[in-house]
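Text of query-v9.txt, listed as compact mmCIF, C-alpha atoms:
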# COMPACT_ATOMS: atom_id res chain seq x y z
CA MET Z 1 -10.65 29.07 -8.40
CA LYS Z 2 -9.04 25.76 -9.18
CA ALA Z 3 -7.34 24.25 -6.15
CA SER Z 4 -3.64 23.59 -6.44
CA VAL Z 5 -2.50 20.00 -6.21
CA LYS Z 6 0.68 18.52 -4.87
CA PRO Z 7 3.30 17.14 -7.26
CA GLY Z 8 2.13 13.91 -8.83
CA LEU Z 9 3.99 10.66 -8.44
CA GLY Z 10 2.25 8.99 -11.36
CA ARG Z 11 4.03 11.06 -14.03
CA GLY Z 12 7.49 9.51 -13.72
CA LEU Z 13 10.63 10.24 -11.74
CA ASP Z 14 11.71 13.27 -13.81
CA ALA Z 15 8.39 15.01 -13.17
CA ILE Z 16 8.58 14.39 -9.42
CA LEU Z 17 12.08 15.76 -9.07
CA GLY Z 18 11.43 18.72 -11.37
CA ASP Z 19 8.26 19.78 -9.55
CA LEU Z 20 10.06 19.75 -6.24
CA GLY Z 21 13.02 21.78 -7.43
CA VAL Z 22 15.48 18.90 -7.27
CA GLN Z 23 18.27 19.40 -9.78
CA GLU Z 24 18.17 16.67 -12.41
CA SER Z 25 21.37 15.02 -13.51
CA THR Z 26 22.09 11.93 -15.55
CA ALA Z 27 25.68 11.67 -14.30
CA SER Z 28 26.26 8.56 -12.22
CA LEU Z 29 28.93 7.71 -9.65
CA GLU Z 30 30.54 4.36 -8.93
CA ILE Z 31 29.78 3.71 -5.24
CA ALA Z 32 31.17 0.80 -3.20
CA ILE Z 33 28.39 -1.70 -2.58
CA GLY Z 34 29.21 -1.75 1.14
CA GLU Z 35 28.33 1.95 1.39
CA ILE Z 36 24.80 1.36 0.05
CA TYR Z 37 21.87 0.07 2.08
CA PRO Z 38 18.13 -0.52 1.40
CA ASN Z 39 15.48 1.96 2.51
CA PRO Z 40 13.68 0.42 5.53
CA ALA Z 41 10.46 2.11 4.33
CA GLN Z 42 10.67 0.44 0.89
CA PRO Z 43 7.07 -0.42 -0.09
CA ARG Z 44 8.06 -3.75 -1.59
CA LYS Z 45 8.66 -6.45 1.03
CA VAL Z 46 8.68 -9.63 -1.08
CA PHE Z 47 11.26 -10.20 -3.83
CA ASP Z 48 11.10 -13.07 -6.32
CA LYS Z 49 14.28 -15.09 -5.72
CA GLN Z 50 14.27 -16.59 -9.21
CA LYS Z 51 13.97 -13.18 -10.89
CA ILE Z 52 16.79 -11.81 -8.73
CA GLU Z 53 18.99 -14.72 -9.85
CA GLU Z 54 18.07 -14.13 -13.51
CA LEU Z 55 18.95 -10.44 -13.18
CA ALA Z 56 22.23 -11.33 -11.45
CA ASN Z 57 23.17 -13.57 -14.38
CA SER Z 58 22.37 -10.74 -16.80
CA ILE Z 59 24.53 -8.34 -14.77
CA LYS Z 60 27.42 -10.81 -14.90
CA GLN Z 61 27.14 -10.90 -18.68
CA SER Z 62 26.42 -7.24 -19.52
CA GLY Z 63 26.93 -5.27 -16.31
CA LEU Z 64 24.32 -3.11 -14.54
CA LEU Z 65 22.78 -1.02 -17.33
CA SER Z 66 20.47 1.15 -15.22
CA PRO Z 67 21.98 3.00 -12.19
CA LEU Z 68 20.36 3.07 -8.78
CA ILE Z 69 18.91 6.30 -7.39
CA VAL Z 70 20.28 6.91 -3.90
CA ARG Z 71 20.44 9.71 -1.33
CA LYS Z 72 23.30 10.36 1.07
CA ILE Z 73 22.52 9.83 4.74
CA ASN Z 74 25.52 10.75 6.90
CA THR Z 75 28.42 8.78 5.37
CA ARG Z 76 26.39 6.11 3.54
CA TYR Z 77 23.87 5.97 0.71
CA GLU Z 78 20.23 4.90 1.10
CA ILE Z 79 18.46 3.38 -1.89
CA VAL Z 80 15.61 5.50 -3.26
CA ALA Z 81 14.92 3.33 -6.33
CA GLY Z 82 16.50 0.08 -7.47
CA GLU Z 83 16.64 -2.34 -4.52
CA ARG Z 84 16.03 -5.30 -6.86
CA ARG Z 85 19.07 -4.25 -8.93
CA TYR Z 86 21.03 -3.80 -5.70
CA GLN Z 87 20.24 -7.34 -4.52
CA ALA Z 88 21.10 -8.80 -7.93
CA SER Z 89 24.37 -6.83 -8.03
CA MET Z 90 25.40 -8.27 -4.67
CA LEU Z 91 24.54 -11.77 -5.92
CA ALA Z 92 26.58 -11.11 -9.08
CA GLY Z 93 29.57 -10.17 -6.93
CA LEU Z 94 29.90 -6.52 -7.94
CA LYS Z 95 32.16 -4.41 -5.75
CA LYS Z 96 30.84 -1.07 -6.99
CA ILE Z 97 27.45 0.01 -8.39
CA PRO Z 98 26.63 2.97 -10.67
CA CYS Z 99 24.35 5.37 -8.77
CA ILE Z 100 22.70 8.74 -9.28
CA VAL Z 101 22.74 10.70 -6.01
CA LYS Z 102 19.68 12.83 -5.22
CA ASP Z 103 19.00 15.20 -2.34
CA VAL Z 104 15.35 14.39 -1.61
CA SER Z 105 13.05 14.35 1.43
CA ASP Z 106 11.60 11.24 3.07
CA GLU Z 107 8.27 11.86 1.33
CA VAL Z 108 9.78 12.17 -2.13
CA ALA Z 109 12.09 9.18 -1.55
CA PHE Z 110 9.13 7.02 -0.53
CA GLY Z 111 7.07 8.32 -3.45
CA ILE Z 112 9.77 7.53 -6.01
CA SER Z 113 10.14 4.01 -4.61
CA LEU Z 114 6.38 3.51 -4.68
CA VAL Z 115 6.03 4.71 -8.27
CA GLU Z 116 8.91 2.55 -9.48
CA ASN Z 117 7.27 -0.54 -8.01
CA LEU Z 118 3.79 0.38 -9.27
CA GLN Z 119 5.07 1.03 -12.79
CA ARG Z 120 6.85 -2.35 -12.79
CA GLU Z 121 3.79 -3.98 -11.16
CA ASP Z 122 6.15 -5.40 -8.54
CA LEU Z 123 3.96 -4.80 -5.48
CA ASN Z 124 1.42 -7.34 -4.29
CA SER Z 125 -1.96 -6.00 -3.18
CA MET Z 126 -1.06 -5.83 0.51
CA GLU Z 127 2.24 -4.05 -0.14
CA GLU Z 128 0.34 -1.54 -2.25
CA ALA Z 129 -2.24 -0.97 0.51
CA GLU Z 130 0.49 -0.60 3.13
CA ALA Z 131 2.32 1.91 0.93
CA TYR Z 132 -0.84 4.00 0.57
CA TYR Z 133 -1.27 3.83 4.35
CA VAL Z 134 2.22 5.28 4.86
CA LEU Z 135 1.36 8.15 2.52
CA SER Z 136 -1.88 8.68 4.45
CA SER Z 137 -0.61 8.34 8.01
CA GLN Z 138 3.00 9.47 7.88
CA PHE Z 139 2.72 12.17 5.23
CA HIS Z 140 -0.92 13.09 6.03
CA LEU Z 141 -2.20 12.83 2.46
CA SER Z 142 -5.91 12.38 1.73
CA HIS Z 143 -7.13 9.56 -0.49
CA GLN Z 144 -7.64 12.09 -3.27
CA ASP Z 145 -4.04 13.38 -2.89
CA ILE Z 146 -2.72 9.82 -3.10
CA ALA Z 147 -4.89 9.10 -6.15
CA LEU Z 148 -3.48 12.15 -7.94
CA ARG Z 149 0.08 11.15 -7.10
CA VAL Z 150 -0.16 7.60 -8.39
CA SER Z 151 -2.57 8.28 -11.27
CA LYS Z 152 -5.36 6.07 -9.94
CA ASP Z 153 -9.01 6.64 -9.06
CA ARG Z 154 -9.77 7.77 -5.52
CA SER Z 155 -12.07 4.73 -5.08
CA THR Z 156 -9.14 2.44 -5.96
CA ILE Z 157 -7.09 3.93 -3.12
CA THR Z 158 -9.98 3.69 -0.64
CA ASN Z 159 -10.75 0.07 -1.57
CA SER Z 160 -7.06 -0.83 -1.35
CA LEU Z 161 -6.76 0.68 2.14
CA ARG Z 162 -9.85 -1.20 3.31
CA MET Z 163 -7.84 -4.43 2.97
CA LEU Z 164 -5.80 -3.36 6.00
CA SER Z 165 -8.85 -4.07 8.18
CA LEU Z 166 -8.90 -7.76 7.19
CA PRO Z 167 -7.77 -10.44 9.68
CA GLU Z 168 -4.03 -11.14 9.67
CA GLU Z 169 -4.58 -14.64 8.25
CA VAL Z 170 -6.35 -13.17 5.21
CA LYS Z 171 -3.70 -10.48 4.74
CA ALA Z 172 -0.96 -13.13 4.87
CA SER Z 173 -2.70 -15.05 2.07
CA ILE Z 174 -2.80 -11.89 -0.06
CA ARG Z 175 0.93 -11.29 0.52
CA ASN Z 176 1.74 -14.89 -0.37
CA GLY Z 177 -0.27 -14.71 -3.59
CA GLU Z 178 -2.73 -17.38 -2.43
CA ILE Z 179 -5.71 -15.10 -3.09
CA SER Z 180 -6.14 -12.06 -5.34
CA ALA Z 181 -7.20 -8.49 -4.60
CA GLY Z 182 -10.57 -9.40 -6.11
CA HIS Z 183 -10.95 -12.20 -3.56
CA ALA Z 184 -10.01 -9.74 -0.79
CA ARG Z 185 -12.68 -7.25 -1.90
CA ALA Z 186 -15.25 -10.04 -1.91
CA ILE Z 187 -14.19 -11.16 1.58
CA LEU Z 188 -14.62 -7.57 2.82
CA MET Z 189 -18.33 -7.88 1.98
CA ALA Z 190 -18.58 -10.16 5.03
CA GLU Z 191 -18.37 -7.82 8.01
CA LYS Z 192 -17.49 -10.31 10.77
CA PRO Z 193 -13.81 -11.37 11.01
CA ARG Z 194 -14.78 -15.01 11.70
CA ASP Z 195 -16.86 -15.07 8.50
CA GLN Z 196 -13.97 -13.50 6.57
CA ILE Z 197 -11.62 -16.25 7.77
CA LEU Z 198 -14.24 -18.89 6.94
CA LEU Z 199 -14.44 -17.53 3.39
CA LEU Z 200 -10.66 -17.58 3.09
CA HIS Z 201 -10.58 -21.27 4.02
CA LYS Z 202 -13.28 -22.02 1.43
CA ILE Z 203 -11.35 -20.17 -1.28
CA LEU Z 204 -8.14 -22.07 -0.48
CA SER Z 205 -9.74 -25.50 -0.08
CA LYS Z 206 -12.17 -25.32 -3.01
CA GLY Z 207 -10.28 -23.00 -5.35
CA LEU Z 208 -13.18 -20.53 -5.54
CA SER Z 209 -13.06 -17.81 -8.19
CA VAL Z 210 -13.84 -14.20 -7.28
CA ARG Z 211 -17.43 -14.54 -8.53
CA GLU Z 212 -17.88 -17.79 -6.61
CA THR Z 213 -16.55 -16.04 -3.49
CA GLU Z 214 -19.04 -13.19 -3.96
CA ALA Z 215 -21.84 -15.75 -4.27
CA ALA Z 216 -20.62 -17.45 -1.08
CA VAL Z 217 -20.78 -14.11 0.75
CA LEU Z 218 -24.37 -13.58 -0.39
CA ARG Z 219 -25.33 -17.06 0.83
CA LEU Z 220 -23.60 -16.38 4.14
CA ARG Z 221 -25.59 -13.17 4.59
CA LYS Z 222 -28.84 -14.84 3.62
CA ASN Z 223 -28.35 -17.68 6.11
CA SER Z 224 -27.22 -15.46 9.01
CA PRO Z 225 -29.70 -14.85 11.85
CA SER Z 226 -32.00 -11.97 10.97
CA LYS Z 227 -31.43 -8.78 12.93
CA LYS Z 228 -33.33 -5.56 13.06
CA LYS Z 229 -31.41 -3.27 10.76
CA ASP Z 230 -30.84 0.37 11.57
CA LYS Z 231 -32.19 2.73 8.99
CA LYS Z 232 -29.26 4.52 7.40
CA ASP Z 233 -30.07 8.04 6.40
CA SER Z 234 -27.79 10.04 4.15
CA PHE Z 235 -26.02 11.60 7.15
CA THR Z 236 -24.99 8.36 8.86
CA GLY Z 237 -24.12 6.76 5.52
CA GLN Z 238 -21.88 9.66 4.56
CA LEU Z 239 -20.32 9.72 8.02
CA SER Z 240 -19.60 5.99 7.82
CA MET Z 241 -17.81 6.48 4.49
CA LEU Z 242 -15.83 9.44 5.80
CA LEU Z 243 -14.65 7.67 8.95
CA SER Z 244 -13.86 4.49 7.01
CA GLU Z 245 -11.63 6.54 4.72
CA ARG Z 246 -9.95 8.47 7.52
CA LEU Z 247 -9.27 5.38 9.64
CA SER Z 248 -8.63 2.88 6.81
CA ALA Z 249 -11.09 0.55 8.52
CA HIS Z 250 -14.71 -0.53 8.12
CA VAL Z 251 -16.82 1.91 10.17
CA VAL Z 252 -20.60 1.77 10.59
CA CYS Z 253 -22.54 4.72 12.04
CA SER Z 254 -26.20 4.42 13.05
CA PHE Z 255 -28.72 6.46 15.01
CA GLY Z 256 -31.98 5.33 16.56
CA LYS Z 257 -34.76 7.30 18.20
CA LYS Z 258 -32.71 8.54 21.16
CA LYS Z 259 -29.14 7.43 20.72
CA GLY Z 260 -26.62 6.30 18.13
CA LYS Z 261 -23.43 4.32 17.86
CA ILE Z 262 -20.21 4.20 15.86
CA ILE Z 263 -18.71 0.75 15.29
CA ILE Z 264 -15.09 0.50 14.17
CA ASN Z 265 -14.19 -3.00 13.02
CA VAL Z 266 -10.59 -4.03 13.75
CA SER Z 267 -8.78 -7.25 12.89
CA SER Z 268 -6.05 -7.23 15.54
CA LYS Z 269 -4.72 -5.42 18.60
CA THR Z 270 -2.12 -3.79 16.33
CA ASP Z 271 -4.91 -2.41 14.14
CA MET Z 272 -6.72 -1.16 17.26
CA GLU Z 273 -3.58 0.62 18.48
CA ARG Z 274 -3.08 2.17 15.02
CA ILE Z 275 -6.61 3.59 14.99
CA ALA Z 276 -6.39 4.78 18.61
CA GLU Z 277 -3.14 6.62 17.85
CA LYS Z 278 -4.72 8.25 14.80
CA LEU Z 279 -7.78 9.37 16.76
CA ILE Z 280 -5.64 10.87 19.52
CA ARG Z 281 -3.17 12.53 17.13
CA ASP Z 282 -5.51 13.86 14.46
CA GLU Z 283 -8.68 14.48 16.50
CA LEU Z 284 -10.38 13.75 13.16
CA PRO Z 285 -11.90 17.15 12.27
CA ILE Z 286 -15.05 16.66 10.19
Can you present the structure in this file as structure tokens?
Amino acid sequence: MKASVKPGLGRGLDAILGDLGVQESTASLEIAIGEIYPNPAQPRKVFDKQKIEELANSIKQSGLLSPLIVRKINTRYEIVAGERRYQASMLAGLKKIPCIVKDVSDEVAFGISLVENLQREDLNSMEEAEAYYVLSSQFHLSHQDIALRVSKDRSTITNSLRMLSLPEEVKASIRNGEISAGHARAILMAEKPRDQILLLHKILSKGLSVRETEAAVLRLRKNSPSKKKDKKDSFTGQLSMLLSERLSAHVVCSFGKKKGKIIINVSSKTDMERIAEKLIRDELPI
């Protein structure tokens, strides 16, 4: 029997709302801008100031052509989709904004916001990874569930989430657009945080391409002191992949003649607390 899947987020806003029984309406209301506020869980954290100004100038000339999607929380309205338009409307001096009001859950609101940003390609790689982490940790979705919702491969989701295990300095460079997601994946090939930071500095100082970064990682591995490597059978290899996925961190499992070990690589105390909370809460059934 074919397993049922949860409503997909990759098929557009109408499909999301229809699957969840939310009544669709194209009628918009004019809502005072002071009664509207951004969603604190909005996946997108960085907004291009120049693009906001360009949109504000367009709004001054032609008005806001596409309404915001909002939901009513107590006496005010939280933005579900359209924070960029909201910011530009404020800059343009609008007193009221056309909005479509939807009664949706936290999960659906976050999903709509995520899809809007993904479709516009507005999220940087770290914002995307952090958004997937919210879907995984807060809404308890597997990597496969997330992949179905955003119309991406499961491996894409897993690789994106792995970036959360990088040192904070590397993650900051991804957010700032100093290095690409390809650079980040290459840096992840170096397991030690100090080596990952060293690679970051080389990329920034020498302008290394992704392929050049991958070559640098291989040289780094070749020149590192030789260590006796644990033989990874299919069980420990599979377990390493499973725990890496569940914890959104690089996990290595090994077993010798009499005993084994599980190594969870973390990049900060915050990351360690996140993983500890997940282990305590979920008990990670396997």
List as an mmCIF file with C-alpha atoms, keeping the file's coordinate frame the protein and nucleic acid residues near segment 61-64 of chain Z, meaning an atom at most 10 Å away when all atoms listed in the file are counted, but skip any in the same chain fewer than 6 places from it.
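What landed in part.cif:
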data_model
loop_
_atom_site.group_PDB
_atom_site.id
_atom_site.type_symbol
_atom_site.label_atom_id
_atom_site.label_comp_id
_atom_site.auth_asym_id
_atom_site.auth_seq_id
_atom_site.Cartn_x
_atom_site.Cartn_y
_atom_site.Cartn_z
ATOM 1 C CA LEU Z 55 18.950 -10.440 -13.180
ATOM 2 C CA ARG Z 85 19.070 -4.250 -8.930
ATOM 3 C CA TYR Z 86 21.030 -3.800 -5.700
ATOM 4 C CA ALA Z 88 21.100 -8.800 -7.930
ATOM 5 C CA SER Z 89 24.370 -6.830 -8.030
ATOM 6 C CA ALA Z 92 26.580 -11.110 -9.080
ATOM 7 C CA LEU Z 94 29.900 -6.520 -7.940
ATOM 8 C CA ILE Z 97 27.450 0.010 -8.390
ATOM 9 C CA PRO Z 98 26.630 2.970 -10.670
#
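Reported to one decimal place, the separation of atom CA of Ile275 of chain Z from atom CA of Leu243 of chain Z is 10.9 Å.
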- Message: If I take atom CA of His183 of chain Z and atom CA of Glu212 of chain Z, how far is one from the other in Å, to one decimal?
- Response: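 Those two atoms sit 9.4 Å apart.
Counting from atom CA of Thr75 of chain Z, the distance to atom CA of Leu91 of chain Z is 23.8 Å.
Closest to Ile262 of chain Z among Z:Ser248, Z:Ser205, Z:Asn176, Z:Ser240 is Z:Ser240, based on only C-alpha atoms.
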- Message: Could you list, as a VMD selection string, every residue within 9 Å of Val266 of chain Z, counting all atoms listed in the file and ignoring same-chain residues fewer than 6 positions away?
- Response: chain Z and resid 165 to 167 193 249 to 250 272 275
- Query: Can you tell me, as a PyMOL selection string, what residues are no more than 6 Å from Cys99 of chain Z when counting only C-alpha atoms, ignoring any on the same chain fewer than 2 positions away?
  - Reply: chain Z and resi 28-29+67-69
- Within 10 Å of (-22.2, 4.4, 11.5) (coordinates as in the file), grab all the protein and nucleic acid residues, counting only C-alpha atoms, and write them out as a ChimeraX atom specification. /Z:230,232,235-244,250-255,260-264
- Query: Could you pull the residues within 12 Å of Arg162 of chain Z, counting all atoms listed in the file, minus those fewer than 4 positions along the same chain, as a ChimeraX atom specification?
  - Reply: /Z:125-126,128-130,132-133,143,155-158,166-167,171,181,184-189,191,241,243-251,265-267,271
- Message: Let me make sure I understand: among Z:Ala32, Z:Ile73, Z:Ala216, Z:Leu123, which one has the smallest atom-to-atom distance to Arg175 of chain Z if we use only C-alpha atoms?
- Response: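 Among the listed residues, Z:Leu123 lies closest to Arg175 of chain Z.
If you measure from each of Z:Leu204, Z:Leu218, Z:Val134, Z:Ile33 to Glu83 of chain Z using all atoms listed in the file, the closest one turns out to be Z:Ile33.
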- Message: From (15.6, -3.7, -4.6), in the file's coordinates, out to 12 Å: which residues are reached, counting only C-alpha atoms? Answer as number ranges by chain.
- Response: Z: 36-49, 51-52, 55, 67-70, 78-90, 113-114, 116-117, 122-123
- Message: When you count only C-alpha atoms, which of these residues is closest to Arg149 of chain Z: Z:Val170, Z:Ile31, Z:Leu161, Z:Val115?
- Response: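 Among Z:Val170, Z:Ile31, Z:Leu161, Z:Val115, it is Z:Val115 that comes nearest to Arg149 of chain Z.
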